[in-house]
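Structure data follow from model34.tsv (TSV, C-alpha atoms):
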```tsv
chain	number	residue	atom	x	y	z
A	1	MET	CA	-0.11	-15.27	-3.86
A	2	GLU	CA	3.38	-13.81	-3.63
A	3	GLU	CA	3.31	-10.95	-1.24
A	4	PHE	CA	4.38	-7.37	-1.32
A	5	SER	CA	4.39	-4.99	1.59
A	6	ILE	CA	5.64	-1.53	2.47
A	7	LYS	CA	6.60	-0.37	5.92
A	8	THR	CA	7.03	3.36	6.28
A	9	LYS	CA	8.92	5.15	8.99
A	10	GLN	CA	9.92	8.73	9.60
A	11	LYS	CA	13.46	9.73	10.56
A	12	ASP	CA	13.42	13.47	11.28
A	13	ASN	CA	12.18	14.94	8.01
A	14	ILE	CA	12.97	11.87	5.91
A	15	SER	CA	10.35	9.27	4.94
A	16	ILE	CA	11.81	5.79	4.67
A	17	LEU	CA	9.98	3.03	2.80
A	18	ASP	CA	11.00	-0.57	3.45
A	19	LEU	CA	9.87	-2.73	0.55
A	20	GLU	CA	9.38	-6.46	0.94
A	21	GLY	CA	8.46	-9.18	-1.53
A	22	TYR	CA	7.55	-8.94	-5.17
A	23	LEU	CA	7.02	-5.65	-7.01
A	24	ASP	CA	5.25	-6.16	-10.34
A	25	ALA	CA	2.44	-4.59	-12.41
A	26	HIS	CA	-0.07	-5.74	-9.79
A	27	THR	CA	1.66	-4.73	-6.58
A	28	SER	CA	3.17	-1.50	-7.96
A	29	VAL	CA	-0.26	0.12	-7.49
A	30	GLU	CA	0.24	-0.15	-3.73
A	31	LEU	CA	3.64	1.54	-3.96
A	32	GLU	CA	2.18	4.29	-6.13
A	33	LYS	CA	-0.51	4.96	-3.51
A	34	CYS	CA	2.12	5.07	-0.80
A	35	PHE	CA	4.13	7.68	-2.71
A	36	GLU	CA	0.97	9.70	-3.40
A	37	LYS	CA	0.19	9.77	0.33
A	38	ILE	CA	3.70	10.85	1.31
A	39	ILE	CA	3.83	13.58	-1.35
A	40	SER	CA	0.34	14.80	-0.38
A	41	GLU	CA	1.69	15.34	3.14
A	42	ASN	CA	4.36	17.59	1.62
A	43	LYS	CA	7.11	15.14	2.47
A	44	PHE	CA	9.61	15.18	-0.35
A	45	LYS	CA	12.71	13.61	1.19
A	46	ILE	CA	12.22	9.92	0.58
A	47	ILE	CA	14.46	6.88	0.93
A	48	VAL	CA	13.44	3.50	-0.46
A	49	ASN	CA	15.08	0.51	1.19
A	50	PHE	CA	15.20	-2.57	-1.08
A	51	GLU	CA	16.84	-4.97	1.36
A	52	LYS	CA	13.84	-7.30	1.56
A	53	LEU	CA	12.63	-6.88	-2.01
A	54	SER	CA	12.95	-10.12	-3.97
A	55	TYR	CA	11.71	-9.05	-7.40
A	56	ILE	CA	11.06	-5.96	-9.49
A	57	SER	CA	9.63	-5.53	-12.99
A	58	SER	CA	9.48	-2.37	-15.09
A	59	ALA	CA	6.11	-1.47	-13.54
A	60	GLY	CA	7.95	-0.96	-10.26
A	61	LEU	CA	10.61	1.16	-11.91
A	62	GLY	CA	7.85	3.35	-13.34
A	63	VAL	CA	6.69	4.33	-9.85
A	64	PHE	CA	10.04	5.92	-9.02
A	65	MET	CA	10.04	7.75	-12.36
A	66	ALA	CA	6.53	9.06	-11.62
A	67	PHE	CA	7.54	10.88	-8.42
A	68	ILE	CA	11.20	11.85	-8.76
A	69	GLU	CA	10.51	15.13	-10.56
A	70	THR	CA	7.97	16.28	-7.92
A	71	ALA	CA	10.31	15.33	-5.10
A	72	ARG	CA	13.26	17.20	-6.58
A	73	SER	CA	11.29	20.29	-7.56
A	74	ASN	CA	10.31	20.58	-3.88
A	75	ALA	CA	13.85	20.45	-2.52
A	76	GLY	CA	13.62	16.73	-1.90
A	77	ASP	CA	14.74	13.54	-3.60
A	78	ILE	CA	14.05	9.82	-3.86
A	79	LYS	CA	17.19	7.97	-2.85
A	80	LEU	CA	17.41	4.20	-3.20
A	81	CYS	CA	19.42	1.82	-1.03
A	82	ALA	CA	20.29	-1.73	0.05
A	83	MET	CA	19.54	-3.47	-3.25
A	84	SER	CA	20.55	-7.08	-3.86
A	85	ASP	CA	22.75	-7.60	-6.91
A	86	LYS	CA	19.75	-9.10	-8.72
A	87	ILE	CA	17.66	-5.94	-8.25
A	88	TYR	CA	20.57	-3.54	-8.83
A	89	ASN	CA	21.38	-5.22	-12.14
A	90	ILE	CA	17.93	-4.32	-13.50
A	91	PHE	CA	18.31	-0.66	-12.48
A	92	ASP	CA	21.86	-0.56	-13.80
A	93	MET	CA	21.08	-2.24	-17.12
A	94	LEU	CA	18.52	0.46	-17.90
A	95	GLY	CA	20.76	3.31	-16.77
A	96	PHE	CA	18.82	4.32	-13.65
A	97	PRO	CA	21.99	5.30	-11.75
A	98	ILE	CA	22.14	8.30	-14.15
A	99	LEU	CA	19.04	9.74	-12.50
A	100	PHE	CA	18.84	8.09	-9.08
A	101	GLU	CA	21.32	8.02	-6.23
A	102	ILE	CA	21.68	4.40	-5.15
A	103	TYR	CA	23.44	3.58	-1.88
A	104	LYS	CA	24.60	0.29	-0.44
A	105	GLU	CA	23.30	1.17	3.02
A	106	GLU	CA	20.35	3.15	4.32
A	107	LYS	CA	22.66	5.04	6.67
A	108	ALA	CA	24.57	6.53	3.73
A	109	ALA	CA	21.34	7.70	2.08
A	110	VAL	CA	20.20	9.35	5.33
A	111	GLU	CA	23.56	11.08	5.74
A	112	LYS	CA	23.37	12.39	2.20
A	113	PHE	CA	20.04	14.09	2.98
A	114	ASN	CA	21.47	15.61	6.13
B	1	MET	CA	11.11	-31.12	-18.30
B	2	ASP	CA	7.83	-32.65	-17.16
B	3	LYS	CA	4.85	-33.01	-19.44
B	4	THR	CA	2.91	-29.92	-18.35
B	5	ASN	CA	4.11	-27.61	-21.04
B	6	LYS	CA	1.10	-25.42	-21.42
B	7	ILE	CA	-0.94	-23.26	-19.06
B	8	LEU	CA	-3.84	-20.95	-19.60
B	9	PHE	CA	-4.31	-18.02	-17.32
B	10	LYS	CA	-6.80	-15.22	-17.04
B	11	SER	CA	-5.40	-11.97	-18.38
B	12	SER	CA	-4.91	-10.15	-15.09
B	13	THR	CA	-1.85	-8.73	-13.37
B	14	LYS	CA	-3.09	-10.65	-10.29
B	15	ASN	CA	-1.91	-13.82	-12.02
B	16	LEU	CA	1.61	-12.72	-12.92
B	17	TYR	CA	3.00	-14.53	-9.88
B	18	LEU	CA	1.53	-17.84	-11.12
B	19	LEU	CA	3.12	-17.32	-14.49
B	20	ARG	CA	6.49	-16.51	-12.93
B	21	LYS	CA	6.36	-19.68	-10.80
B	22	PHE	CA	5.51	-21.82	-13.83
B	23	ILE	CA	8.37	-20.35	-15.87
B	24	GLU	CA	10.83	-20.54	-12.97
B	25	ASP	CA	10.26	-24.25	-12.40
B	26	LYS	CA	10.58	-25.10	-16.08
B	27	ALA	CA	13.66	-22.93	-16.70
B	28	LYS	CA	15.45	-24.43	-13.67
B	29	THR	CA	14.62	-27.94	-14.81
B	30	PHE	CA	15.97	-27.15	-18.26
B	31	GLY	CA	19.31	-26.30	-16.67
B	32	PHE	CA	19.65	-22.52	-16.65
B	33	ASP	CA	21.68	-20.87	-13.89
B	34	GLU	CA	19.96	-18.56	-11.42
B	35	SER	CA	20.80	-15.40	-13.32
B	36	SER	CA	19.37	-16.71	-16.60
B	37	VAL	CA	16.26	-18.01	-14.82
B	38	ASN	CA	15.69	-14.52	-13.41
B	39	GLN	CA	16.15	-12.97	-16.86
B	40	ILE	CA	13.61	-15.33	-18.41
B	41	ILE	CA	11.06	-14.77	-15.61
B	42	LEU	CA	11.32	-11.00	-15.95
B	43	SER	CA	11.07	-11.09	-19.75
B	44	VAL	CA	7.93	-13.24	-19.69
B	45	ASP	CA	6.42	-11.04	-16.95
B	46	GLU	CA	7.06	-7.96	-19.11
B	47	ALA	CA	5.60	-9.60	-22.22
B	48	CYS	CA	2.44	-10.71	-20.39
B	49	THR	CA	2.06	-7.35	-18.65
B	50	ASN	CA	2.08	-5.70	-22.09
B	51	ILE	CA	-0.54	-8.14	-23.38
B	52	ILE	CA	-2.78	-7.60	-20.30
B	53	LYS	CA	-2.44	-3.84	-20.61
B	54	HIS	CA	-2.37	-3.14	-24.35
B	55	ALA	CA	-4.04	-6.11	-26.06
B	56	HIS	CA	-6.65	-6.94	-23.43
B	57	MET	CA	-7.07	-3.52	-21.77
B	58	TYR	CA	-7.15	-5.22	-18.33
B	59	ASN	CA	-10.16	-7.36	-19.34
B	60	ASP	CA	-9.67	-10.47	-17.22
B	61	LYS	CA	-12.18	-12.43	-19.29
B	62	GLU	CA	-9.43	-12.69	-21.87
B	63	ILE	CA	-6.98	-15.58	-21.73
B	64	ILE	CA	-3.24	-15.88	-22.29
B	65	GLU	CA	-1.97	-19.31	-23.29
B	66	VAL	CA	1.63	-19.98	-22.32
B	67	GLU	CA	3.22	-22.82	-24.23
B	68	LEU	CA	6.73	-24.09	-23.57
B	69	ASP	CA	8.93	-25.96	-25.95
B	70	THR	CA	12.58	-26.91	-25.83
B	71	ASN	CA	15.17	-28.33	-28.12
B	72	GLU	CA	18.76	-29.28	-27.35
B	73	ASN	CA	19.84	-25.80	-26.31
B	74	GLN	CA	16.83	-23.53	-26.59
B	75	PHE	CA	14.05	-22.69	-24.16
B	76	ILE	CA	11.07	-21.45	-26.15
B	77	ILE	CA	8.13	-19.63	-24.58
B	78	LYS	CA	5.15	-19.00	-26.80
B	79	LEU	CA	2.40	-16.62	-25.65
B	80	ASN	CA	-0.83	-17.04	-27.59
B	81	TYR	CA	-3.51	-14.40	-27.18
B	82	LYS	CA	-6.36	-12.64	-28.88
B	83	GLY	CA	-6.56	-8.92	-29.41
B	84	LYS	CA	-4.52	-6.06	-30.74
B	85	ALA	CA	-1.30	-7.07	-32.49
B	86	PHE	CA	1.96	-5.77	-31.10
B	87	ASP	CA	5.37	-6.75	-32.42
B	88	PRO	CA	8.14	-5.83	-29.96
B	89	ASN	CA	10.63	-6.03	-32.83
B	90	ASN	CA	9.06	-2.89	-34.30
B	91	ILE	CA	9.83	-0.91	-31.16
B	92	SER	CA	13.17	0.88	-30.95
B	93	ASN	CA	14.96	1.00	-27.64
B	94	PRO	CA	14.44	4.39	-26.00
B	95	ASP	CA	17.27	6.88	-25.74
B	96	MET	CA	17.76	6.53	-21.98
B	97	LYS	CA	19.48	9.90	-21.62
B	98	GLU	CA	16.40	11.58	-23.06
B	99	TYR	CA	14.15	9.22	-21.08
B	100	PHE	CA	15.64	10.41	-17.80
B	101	ASN	CA	15.91	14.07	-18.84
B	102	LYS	CA	12.20	14.11	-19.59
B	103	PHE	CA	11.21	11.93	-16.62
B	104	LYS	CA	9.40	9.50	-18.89
B	105	ILE	CA	7.36	6.59	-17.53
B	106	GLY	CA	6.80	3.15	-19.03
B	107	GLY	CA	8.08	1.63	-22.24
B	108	LEU	CA	10.87	-0.36	-20.56
B	109	GLY	CA	9.36	-3.83	-20.88
B	110	VAL	CA	10.43	-4.31	-24.49
B	111	PRO	CA	14.06	-3.21	-23.93
B	112	ILE	CA	14.24	-5.67	-21.01
B	113	MET	CA	12.90	-8.51	-23.17
B	114	LYS	CA	15.31	-7.68	-26.00
B	115	LYS	CA	18.26	-7.51	-23.64
B	116	PHE	CA	17.57	-10.77	-21.84
B	117	MET	CA	16.21	-13.03	-24.56
B	118	ASN	CA	18.17	-14.24	-27.59
B	119	LYS	CA	15.30	-13.99	-30.02
B	120	ILE	CA	11.78	-12.57	-30.13
B	121	GLU	CA	9.30	-13.56	-32.82
B	122	PHE	CA	5.84	-12.22	-33.37
B	123	LEU	CA	3.16	-13.76	-35.52
B	124	HIS	CA	-0.16	-12.13	-36.23
B	125	LEU	CA	-2.06	-15.16	-37.51
B	126	ASN	CA	-5.43	-13.56	-38.09
B	127	PRO	CA	-7.21	-10.48	-36.74
B	128	ASP	CA	-7.83	-12.26	-33.49
B	129	LYS	CA	-4.87	-14.53	-32.95
B	130	ASN	CA	-1.38	-13.44	-32.01
B	131	SER	CA	1.63	-15.42	-31.02
B	132	LEU	CA	4.65	-13.91	-29.29
B	133	THR	CA	7.64	-16.20	-28.94
B	134	LEU	CA	10.57	-15.56	-26.61
B	135	ILE	CA	13.66	-17.72	-27.05
B	136	LYS	CA	16.58	-18.12	-24.64
B	137	ASN	CA	19.65	-20.15	-25.51
B	138	LEU	CA	21.20	-22.37	-22.85
```
Step by step, read the file and then write its structure as structure tokens.
Amino acid sequence: MEEFSIKTKQKDNISILDLEGYLDAHTSVELEKCFEKIISENKFKIIVNFEKLSYISSAGLGVFMAFIETARSNAGDIKLCAMSDKIYNIFDMLGFPILFEIYKEEKAAVEKFN
Amino acid sequence: MDKTNKILFKSSTKNLYLLRKFIEDKAKTFGFDESSVNQIILSVDEACTNIIKHAHMYNDKEIIEVELDTNENQFIIKLNYKGKAFDPNNISNPDMKEYFNKFKIGGLGVPIMKKFMNKIEFLHLNPDKNSLTLIKNL
């Protein structure tokens, strides 16, 4: 089976999620649970690092849509970073940069929060 | 293209990776570049996810038959399945400005398929037999 994993780390008050592998309708459930946990801990400043993500389908995109409103209404945000061209093209084609801030590097996303 | 042009898989999101691998190998062999291969894989993933979710309601006892055919310059993927009929051609692309303003979720599989494939055909053969065909030109 193709794998998907999430590593979470905390940088001051920012939760950073490193995604790895393949994010589809099956594995997106794991990402959803991860967001639910972070939000339930009242952490609303979230960065998602896509550097090691190889694949995303619309089920994965749906997870970010599901939590962005809650994050922003609690003075937080979900900022995305380090996407390969392949992944960015999917986000861009559907117009996601209208709603989401997407950075080339994690450092830039962290600085934006600070 | 080798002779294995048809696979059956249980209608479960667990099996999407198998489907993607099957399509990837065949699309590469046919001669598509990497970008087109990725577009085909994603479109078929989206189509099958919709079938698993909406036609089969996550019942993994159901089966999806994936049949590949090619001609000189077309790569043709036919998905045969039982259950509720659903023609992607009857679905309008969402207004993405409104989509983001209202923080909508879902409904992006069909726009992806329409964007990446050259043609989509749907045939509802009888109450229990549907055929969704995705065509990509070389």
Best match for closeness to Asp85 in chain A among A:Ser73, A:Ser54, A:Asn42, A:Gln10, counting all atoms listed in the file: A:Ser54
Per-residue nearest contacts chain A to chain B, cut-off 7 Å, using all atoms listed in the file, as CSV:
```
residue,atom,partner,partner_atom,distance
A:Met1,CA,B:Tyr17,CA,6.8
A:Glu2,CA,B:Tyr17,CA,6.3
A:Ala25,CA,B:Thr13,CA,6.0
A:His26,CA,B:Thr13,CA,5.0
A:Ser57,CA,B:Leu42,CA,6.4
A:Ser58,CA,B:Gly109,CA,6.0
A:Gly62,CA,B:Ile105,CA,5.3
A:Met65,CA,B:Ile105,CA,5.9
A:Ala66,CA,B:Ile105,CA,6.5
A:Glu69,CA,B:Phe103,CA,6.9
A:Gly95,CA,B:Met96,CA,6.8
A:Leu99,CA,B:Phe100,CA,6.3
```
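The spacing separating CA of Lys136 in chain B from CA of His124 in chain B amounts to 21.2 Å.
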Ile7 in chain B surroundings by all atoms listed in the file, 9 Å radius, close-in-sequence under 6 positions cut, as a ChimeraX atom specification: /B:19,22,64-68
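Residue nearest Lys86 in chain A, chosen from B:Val37, B:Phe32, B:Met117, B:Asp69 and counting all atoms listed in the file: B:Val37.
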Let me have the centre and edge lengths of the axis-aligned box enclosing all listed atoms of range 130-133 of chain B with 5 Å padding on every side, in Å to one decimal, as JSON.
```
{"center_x": 3.1, "center_y": -14.8, "center_z": -30.5, "size_x": 19.0, "size_y": 12.8, "size_z": 13.1}
```
Distance criterion (all atoms listed in the file): nearest to Pro127 in chain B out of B:Met113, B:Ala55, B:Leu8, B:Glu24: B:Ala55
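When all atoms listed in the file are used to compute distances to Phe75 in chain B, the closest of the residues B:Phe9, B:Leu125, B:Asn118, B:Glu98 turns out to be B:Asn118.
Relative to CA of His56 in chain B, CA of Asp87 in chain B is found at 15.0 Å.
For Tyr55 in chain A, the list of residues within 10 Å, based on all atoms listed in the file and with local chain neighbours fewer than 4 positions off taken out, reads Phe4, Glu20, Gly21, Tyr22, Leu23, Asp24, Phe50, Gly60, Ser84, Lys86, Ile87 and Ile90 of chain A; Asn38 and Leu42 of chain B.
Here CA of Leu31 in chain A is placed at a distance of 24.3 Å from CA of Ile40 in chain B.
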For Tyr81 in chain B: contacts at 8 Å, all atoms listed in the file, fewer than 5 positions along chain excluded, given as an MDAnalysis selection string: chainID B and resid 51 63:65 128:131
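With all atoms listed in the file as the basis for measurement, A:Leu94 is the residue among A:Val29, A:Ala71, A:Leu94, A:Ile16 that approaches Asn93 in chain B most closely.
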Exercise: Lys45 in chain A partners within 8 Å, all atoms listed in the file, chain neighbours under 6 positions left out, as a PyMOL selection string: chain A and resi 13-15+71+75-78+113
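Within a radius of 12 Å around (18.2, -23.6, -28.9), the polymer residues are Phe30, Asp69, Thr70, Asn71, Glu72, Asn73, Gln74, Phe75, Ile76, Ile77, Met117, Asn118, Lys119, Leu134, Ile135, Lys136, Asn137 and Leu138 of chain B, counting all atoms listed in the file.
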As a CSV table (one decimal) with C-alpha atoms, keeping the file's coordinate frame, please: the residues near Glu105 in chain A (cut-off 9 Å, only C-alpha atoms, same-chain neighbours under 6 positions excluded).
```csv
chain,number,residue,atom,x,y,z
A,49,ASN,CA,15.1,0.5,1.2
A,81,CYS,CA,19.4,1.8,-1.0
A,82,ALA,CA,20.3,-1.7,0.0
A,83,MET,CA,19.5,-3.5,-3.2
```
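Distance annotation: of A:Ile6, A:Ile98, A:Leu19, A:Leu80, the residue with the minimal separation from Ile47 in chain A is A:Leu80; atom set is only C-alpha atoms.
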Can you put all heavy atoms back into range 75-86 of chain B and show it as an mmCIF file, keeping the file's coordinate frame?
```cif
data_model
loop_
_atom_site.group_PDB
_atom_site.id
_atom_site.type_symbol
_atom_site.label_atom_id
_atom_site.label_comp_id
_atom_site.auth_asym_id
_atom_site.auth_seq_id
_atom_site.Cartn_x
_atom_site.Cartn_y
_atom_site.Cartn_z
ATOM 1 N N PHE B 75 15.251 -22.707 -24.998
ATOM 2 C CA PHE B 75 14.050 -22.690 -24.160
ATOM 3 C C PHE B 75 13.089 -21.719 -24.852
ATOM 4 O O PHE B 75 13.408 -20.529 -25.006
ATOM 5 C CB PHE B 75 14.447 -22.209 -22.769
ATOM 6 C CG PHE B 75 13.392 -22.308 -21.718
ATOM 7 C CD1 PHE B 75 13.044 -23.525 -21.156
ATOM 8 C CD2 PHE B 75 12.765 -21.163 -21.251
ATOM 9 C CE1 PHE B 75 12.093 -23.610 -20.140
ATOM 10 C CE2 PHE B 75 11.811 -21.235 -20.241
ATOM 11 C CZ PHE B 75 11.475 -22.472 -19.688
ATOM 12 N N ILE B 76 11.966 -22.234 -25.282
ATOM 13 C CA ILE B 76 11.070 -21.450 -26.150
ATOM 14 C C ILE B 76 9.732 -21.224 -25.459
ATOM 15 O O ILE B 76 9.049 -22.181 -25.104
ATOM 16 C CB ILE B 76 10.873 -22.185 -27.494
ATOM 17 C CG1 ILE B 76 12.242 -22.429 -28.169
ATOM 18 C CG2 ILE B 76 9.939 -21.398 -28.424
ATOM 19 C CD1 ILE B 76 12.229 -23.529 -29.200
ATOM 20 N N ILE B 77 9.401 -19.966 -25.252
ATOM 21 C CA ILE B 77 8.130 -19.630 -24.580
ATOM 22 C C ILE B 77 7.226 -18.962 -25.604
ATOM 23 O O ILE B 77 7.573 -17.911 -26.170
ATOM 24 C CB ILE B 77 8.345 -18.652 -23.418
ATOM 25 C CG1 ILE B 77 9.404 -19.182 -22.464
ATOM 26 C CG2 ILE B 77 7.034 -18.356 -22.675
ATOM 27 C CD1 ILE B 77 10.550 -18.254 -22.271
ATOM 28 N N LYS B 78 6.085 -19.582 -25.842
ATOM 29 C CA LYS B 78 5.150 -19.000 -26.800
ATOM 30 C C LYS B 78 3.915 -18.488 -26.063
ATOM 31 O O LYS B 78 3.305 -19.227 -25.283
ATOM 32 C CB LYS B 78 4.753 -20.068 -27.825
ATOM 33 C CG LYS B 78 4.070 -19.504 -29.055
ATOM 34 C CD LYS B 78 3.670 -20.609 -30.018
ATOM 35 C CE LYS B 78 4.782 -20.924 -30.999
ATOM 36 N NZ LYS B 78 4.316 -21.844 -32.061
ATOM 37 N N LEU B 79 3.580 -17.228 -26.283
ATOM 38 C CA LEU B 79 2.400 -16.620 -25.650
ATOM 39 C C LEU B 79 1.344 -16.415 -26.723
ATOM 40 O O LEU B 79 1.546 -15.631 -27.664
ATOM 41 C CB LEU B 79 2.778 -15.274 -25.013
ATOM 42 C CG LEU B 79 3.965 -15.296 -24.033
ATOM 43 C CD1 LEU B 79 4.361 -13.881 -23.629
ATOM 44 C CD2 LEU B 79 3.628 -16.124 -22.803
ATOM 45 N N ASN B 80 0.259 -17.150 -26.613
ATOM 46 C CA ASN B 80 -0.830 -17.040 -27.590
ATOM 47 C C ASN B 80 -1.970 -16.237 -26.991
ATOM 48 O O ASN B 80 -2.395 -16.511 -25.863
ATOM 49 C CB ASN B 80 -1.330 -18.427 -27.990
ATOM 50 C CG ASN B 80 -0.223 -19.274 -28.596
ATOM 51 O OD1 ASN B 80 0.539 -18.812 -29.438
ATOM 52 N ND2 ASN B 80 -0.116 -20.514 -28.149
ATOM 53 N N TYR B 81 -2.432 -15.254 -27.721
ATOM 54 C CA TYR B 81 -3.510 -14.400 -27.180
ATOM 55 C C TYR B 81 -4.292 -13.744 -28.295
ATOM 56 O O TYR B 81 -3.799 -13.563 -29.407
ATOM 57 C CB TYR B 81 -2.911 -13.334 -26.251
ATOM 58 C CG TYR B 81 -2.002 -12.334 -26.938
ATOM 59 C CD1 TYR B 81 -2.477 -11.084 -27.328
ATOM 60 C CD2 TYR B 81 -0.668 -12.639 -27.213
ATOM 61 C CE1 TYR B 81 -1.646 -10.160 -27.958
ATOM 62 C CE2 TYR B 81 0.159 -11.728 -27.841
ATOM 63 C CZ TYR B 81 -0.331 -10.490 -28.211
ATOM 64 O OH TYR B 81 0.492 -9.587 -28.847
ATOM 65 N N LYS B 82 -5.520 -13.382 -27.939
ATOM 66 C CA LYS B 82 -6.360 -12.640 -28.880
ATOM 67 C C LYS B 82 -6.156 -11.149 -28.650
ATOM 68 O O LYS B 82 -5.670 -10.739 -27.606
ATOM 69 C CB LYS B 82 -7.829 -12.977 -28.652
ATOM 70 C CG LYS B 82 -8.200 -14.400 -29.027
ATOM 71 C CD LYS B 82 -9.677 -14.625 -28.748
ATOM 72 C CE LYS B 82 -10.077 -16.042 -29.139
ATOM 73 N NZ LYS B 82 -11.498 -16.307 -28.822
ATOM 74 N N GLY B 83 -6.593 -10.374 -29.622
ATOM 75 C CA GLY B 83 -6.560 -8.920 -29.410
ATOM 76 C C GLY B 83 -5.563 -8.207 -30.292
ATOM 77 O O GLY B 83 -4.997 -8.786 -31.226
ATOM 78 N N LYS B 84 -5.351 -6.949 -29.941
ATOM 79 C CA LYS B 84 -4.520 -6.060 -30.740
ATOM 80 C C LYS B 84 -3.099 -6.614 -30.937
ATOM 81 O O LYS B 84 -2.447 -7.041 -29.984
ATOM 82 C CB LYS B 84 -4.447 -4.716 -30.002
ATOM 83 C CG LYS B 84 -4.002 -3.554 -30.840
ATOM 84 C CD LYS B 84 -4.142 -2.289 -29.996
ATOM 85 C CE LYS B 84 -3.092 -1.276 -30.350
ATOM 86 N NZ LYS B 84 -3.055 -0.172 -29.386
ATOM 87 N N ALA B 85 -2.640 -6.575 -32.173
ATOM 88 C CA ALA B 85 -1.300 -7.070 -32.490
ATOM 89 C C ALA B 85 -0.245 -6.076 -32.025
ATOM 90 O O ALA B 85 -0.449 -4.869 -32.074
ATOM 91 C CB ALA B 85 -1.182 -7.275 -33.999
ATOM 92 N N PHE B 86 0.880 -6.634 -31.568
ATOM 93 C CA PHE B 86 1.960 -5.770 -31.100
ATOM 94 C C PHE B 86 3.275 -6.528 -31.260
ATOM 95 O O PHE B 86 3.515 -7.529 -30.582
ATOM 96 C CB PHE B 86 1.717 -5.405 -29.628
ATOM 97 C CG PHE B 86 2.844 -4.664 -28.990
ATOM 98 C CD1 PHE B 86 3.057 -3.321 -29.263
ATOM 99 C CD2 PHE B 86 3.712 -5.303 -28.099
ATOM 100 C CE1 PHE B 86 4.110 -2.628 -28.675
ATOM 101 C CE2 PHE B 86 4.761 -4.618 -27.499
ATOM 102 C CZ PHE B 86 4.950 -3.282 -27.790
#
```
